[in-house]
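See below for data-v6.txt, which holds compact mmCIF, C-alpha atoms.
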# COMPACT_ATOMS: atom_id res chain seq x y z
CA MET A 1486 -44.87 12.02 -17.14
CA GLN A 1487 -42.02 14.46 -16.52
CA ALA A 1488 -41.11 12.68 -13.24
CA SER A 1489 -40.94 9.30 -14.97
CA PHE A 1490 -38.68 10.78 -17.71
CA VAL A 1491 -36.35 12.14 -14.99
CA ALA A 1492 -36.32 8.73 -13.28
CA ILE A 1493 -35.49 6.95 -16.56
CA ALA A 1494 -32.76 9.47 -17.41
CA LEU A 1495 -31.27 9.13 -13.92
CA ALA A 1496 -31.32 5.33 -14.15
CA ALA A 1497 -29.56 5.50 -17.54
CA LEU A 1498 -26.87 7.82 -16.16
CA LEU A 1499 -26.28 5.54 -13.18
CA ALA A 1500 -25.98 2.53 -15.48
CA VAL A 1501 -23.37 4.32 -17.59
CA ALA A 1502 -21.46 5.52 -14.51
CA SER A 1503 -21.39 2.04 -12.95
CA ALA A 1504 -20.30 0.51 -16.25
CA GLU A 1505 -17.34 2.93 -16.34
CA THR A 1506 -16.12 1.88 -12.88
CA GLN A 1507 -15.19 -1.77 -13.28
CA ALA A 1508 -15.09 -4.05 -10.26
CA GLU A 1509 -11.31 -4.35 -10.54
CA ASP A 1510 -11.02 -0.55 -10.28
CA LEU A 1511 -12.54 -0.63 -6.80
CA VAL A 1512 -11.05 -1.18 -3.39
CA HIS A 1513 -13.21 -3.80 -1.69
CA ASN A 1514 -13.67 -4.23 2.06
CA SER A 1515 -15.41 -7.52 2.80
CA VAL A 1516 -15.36 -6.97 6.58
CA TYR A 1517 -17.52 -3.85 6.45
CA GLY A 1518 -19.19 -4.67 3.14
CA PHE A 1519 -18.35 -1.82 0.78
CA ALA A 1520 -16.31 -0.96 -2.29
CA VAL A 1521 -14.99 2.42 -3.33
CA ALA A 1522 -12.98 3.76 -6.24
CA ALA A 1523 -9.52 4.93 -5.21
CA PRO A 1524 -9.07 8.57 -6.24
CA ASP A 1525 -6.80 9.24 -9.20
CA PHE A 1526 -5.05 12.37 -8.00
CA PRO A 1527 -2.39 13.89 -10.28
CA LYS A 1528 0.87 11.92 -10.24
CA GLN A 1529 3.66 13.48 -8.17
CA THR A 1530 6.94 13.13 -10.04
CA ASP A 1531 9.05 15.94 -8.59
CA ALA A 1532 12.42 14.67 -7.38
CA GLY A 1533 12.80 14.54 -3.61
CA ILE A 1534 9.04 14.47 -2.99
CA SER A 1535 7.19 11.44 -1.65
CA VAL A 1536 3.47 10.84 -1.70
CA THR A 1537 1.20 8.31 0.03
CA PRO A 1538 -1.61 7.60 -2.45
CA LEU A 1539 -3.18 4.82 -0.38
CA ALA A 1540 -3.49 4.17 3.37
CA PHE A 1541 -5.56 1.76 5.44
CA ASN A 1542 -5.90 1.70 9.22
CA GLY A 1543 -7.22 -1.18 11.27
CA PRO A 1544 -9.13 -1.14 14.55
CA LEU A 1545 -7.64 0.15 17.76
CA ASP A 1546 -6.49 -2.62 20.05
CA GLY A 1547 -4.89 -1.55 23.31
CA GLY A 1548 -4.62 2.00 22.01
CA LYS A 1549 -2.70 0.92 18.89
CA ALA A 1550 -3.83 0.06 15.37
CA PRO A 1551 -2.36 -1.91 12.47
CA SER A 1552 -1.98 -0.11 9.16
CA CYS A 1553 -0.90 -0.55 5.55
CA ASN A 1554 0.07 2.15 3.09
CA VAL A 1555 1.64 2.62 -0.30
CA GLN A 1556 4.21 5.38 -0.59
CA ILE A 1557 5.88 6.57 -3.77
CA GLN A 1558 9.38 7.80 -2.98
CA ASN A 1559 10.71 9.99 -5.79
CA MET A 1560 14.32 10.05 -4.60
CA GLY A 1561 15.98 8.77 -7.78
CA TRP A 1562 17.24 5.67 -5.97
CA THR A 1563 17.80 2.23 -7.40
CA LEU A 1564 16.43 -0.70 -5.41
CA SER A 1565 19.97 -1.38 -4.18
CA ALA A 1566 20.41 2.23 -3.02
CA PHE A 1567 17.00 2.08 -1.32
CA ARG A 1568 18.07 -1.07 0.53
CA THR A 1569 21.32 0.55 1.70
CA GLN A 1570 19.48 3.70 2.82
CA SER A 1571 16.79 1.64 4.62
CA LEU A 1572 19.31 -0.46 6.52
CA GLY A 1573 21.04 2.73 7.68
CA GLN A 1574 17.70 4.23 8.75
CA PHE A 1575 16.77 1.04 10.62
CA LYS A 1576 20.02 1.22 12.58
CA ALA A 1577 19.62 4.94 13.32
CA LEU A 1578 16.03 4.38 14.50
CA GLY A 1579 16.89 1.36 16.65
CA LEU A 1580 15.07 -1.13 14.40
CA THR A 1581 16.31 -4.65 13.77
CA LEU A 1582 16.11 -6.30 10.35
CA LYS A 1583 14.39 -9.65 10.93
CA SER A 1584 14.35 -10.84 7.32
CA GLU A 1585 15.14 -9.77 3.77
CA THR A 1586 13.58 -11.65 0.86
CA PRO A 1587 14.08 -10.95 -2.85
CA ARG A 1588 10.75 -10.93 -4.72
CA LYS A 1589 9.40 -10.21 -8.17
CA ILE A 1590 6.57 -7.85 -9.02
CA GLY A 1591 5.84 -8.85 -12.60
CA ALA A 1592 9.26 -8.77 -14.27
CA LYS A 1593 10.68 -6.22 -11.79
CA ASP A 1594 12.97 -7.06 -8.90
CA ALA A 1595 11.50 -6.28 -5.50
CA LEU A 1596 12.59 -6.62 -1.90
CA LEU A 1597 10.54 -7.65 1.14
CA LEU A 1598 11.99 -6.38 4.42
CA VAL A 1599 10.64 -7.27 7.86
CA SER A 1600 11.96 -5.17 10.73
CA SER A 1601 11.03 -4.49 14.32
CA GLY A 1602 11.83 -2.29 17.26
CA HIS A 1603 10.18 0.04 19.75
CA ASP A 1604 7.20 -2.36 20.03
CA VAL A 1605 6.43 -2.13 16.27
CA THR A 1606 6.93 -4.69 13.50
CA LEU A 1607 6.99 -3.54 9.87
CA GLU A 1608 6.69 -5.56 6.68
CA SER A 1609 7.78 -3.51 3.67
CA LEU A 1610 7.76 -4.40 -0.02
CA ALA A 1611 9.85 -2.15 -2.28
CA VAL A 1612 10.03 -2.11 -6.07
CA GLN A 1613 11.79 0.35 -8.36
CA VAL A 1614 9.59 1.98 -11.00
CA GLY A 1615 11.57 4.40 -13.14
CA GLN A 1616 13.23 6.91 -10.80
CA SER A 1617 10.86 6.04 -7.94
CA ILE A 1618 10.57 3.38 -5.26
CA TYR A 1619 7.03 2.11 -4.73
CA LEU A 1620 6.91 1.07 -1.08
CA LEU A 1621 4.09 -0.94 0.45
CA THR A 1622 4.40 -0.99 4.26
CA CYS A 1623 2.22 -2.86 6.73
CA LEU A 1624 2.86 -2.43 10.44
CA SER A 1625 1.42 -3.36 13.77
CA PRO A 1626 2.42 -3.44 17.41
CA THR A 1627 4.87 -6.32 17.80
CA ASP A 1628 2.61 -8.13 20.28
CA GLN A 1629 -0.18 -8.10 17.66
CA PHE A 1630 1.93 -8.94 14.59
CA ASP A 1631 1.07 -12.67 14.59
CA LYS A 1632 -2.62 -11.72 14.57
CA TYR A 1633 -2.24 -9.43 11.54
CA GLU A 1634 0.51 -11.23 9.62
CA PRO A 1635 -1.97 -13.26 7.47
CA VAL A 1636 -3.73 -10.00 6.54
CA PHE A 1637 -0.41 -8.35 5.72
CA LYS A 1638 0.65 -11.37 3.63
CA ARG A 1639 -2.53 -11.10 1.55
CA VAL A 1640 -1.94 -7.37 1.02
CA VAL A 1641 1.75 -7.83 0.10
CA ASP A 1642 1.04 -10.80 -2.18
CA SER A 1643 -1.68 -8.82 -3.99
CA PHE A 1644 0.58 -5.88 -4.84
CA ALA A 1645 0.93 -5.47 -8.61
CA LEU A 1646 2.02 -2.77 -11.02
CA THR A 1647 -0.48 -1.67 -13.63
CA PRO A 1648 0.15 -0.04 -17.00
Target format structure tokens, applied to this file:
Amino acid sequence: MQASFVAIALAALLAVASAETQAEDLVHNSVYGFAVAAPDFPKQTDAGISVTPLAFNGPLDGGKAPSCNVQIQNMGWTLSAFRTQSLGQFKALGLTLKSETPRKIGAKDALLLVSSGHDVTLESLAVQVGQSIYLLTCLSPTDQFDKYEPVFKRVVDSFALTP
């Protein structure tokens, strides 16, 4: 009797817990067949500090792996200042800007930059949120970029700001 009460109580708790985590709150991976809630760590808002709240790494291929991450850069820059700074960094690092495309994330202006150099190609989406730049970057070895570009496009196109 006591064991069945514990089982019923546990089932009720699990039902409540799963109801609290909605499907849209989960990060889904259809390749490996799992979903997980992204952790809600405290928000970093200190000026001059950046944080990477989300990072994904793909499989090694020839000793190199594709990756995507979201970085919050709390530098107090506008999107225009971020663009200027990025172009200067590309030049200093020996990267070449391949394309620059204005985008919208909701009602906010955004910028999609594709750059390459040193056997790496990067696709970066930047949007200003308050005093921060939210930067989604996907990268891969240049010789593998065509293979991963459809994956990167899906990731970039899915990026949205939430309230």
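Nearest to A:Thr1622 of all the residues A:Thr1606, A:Asn1554, A:Ser1643, A:Asn1559 is A:Asn1554, counting all atoms listed in the file.
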field: Counting all atoms listed in the file, the residue of A:Ile1557, A:Asp1631, A:Leu1572, A:Asp1642 that sits nearest A:Gly1591
entry: A:Asp1642
field: Contacts of A:Leu1620 within 12 Å, only C-alpha atoms, excl. fewer than 2 positions in-chain, as number ranges by chain
entry: A: 1535-1540, 1553-1559, 1564, 1567-1568, 1571, 1590, 1595-1598, 1607-1614, 1617-1618, 1622-1623, 1641, 1644-1646
task: Quote the spacing between atom CA of A:Lys1632 and atom CA of A:Asn1542 in Å to one decimal place.
output: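 So the two atoms, atom CA of A:Lys1632 and atom CA of A:Asn1542, lie 14.8 Å apart.
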- request: Take atom CA of A:Ser1515 and atom CA of A:Ser1625 and report the distance between them in Å, one decimal.
  value: 20.5 Å
- prompt: Looking at A:Asp1604, A:Arg1639, A:Lys1593, A:Gly1561, which one is nearest to A:Asp1531, with distances taken over all atoms listed in the file?
  reply: A:Gly1561
message: Which residues are close to A:Lys1583, i.e. within 7 Å by all atoms listed in the file, leaving aside same-chain residues fewer than 2 positions away? Reply as a list in words.
response: Thr1581, Val1599 and Ser1600 of chain A
- request: Calculate how many Å separate atom CA of A:Ser1552 from atom CA of A:Ala1532, rounding to one decimal.
  value: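 According to the coordinates, atom CA of A:Ser1552 and atom CA of A:Ala1532 are separated by 26.4 Å.
Each of A:Val1640, A:Pro1626, A:Val1516, A:Pro1587 was compared to A:Leu1545 using all atoms listed in the file, and A:Pro1626 turns out to be the nearest.
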Given all atoms listed in the file as the counted atoms, nearest of A:Leu1621, A:Ala1592, A:Val1636, A:Ala1550 to A:Val1605: A:Ala1550
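Of the listed residues (A:Phe1541, A:Met1560, A:Val1512, A:His1603), A:His1603 comes nearest to A:Leu1580; the distances count all atoms listed in the file.
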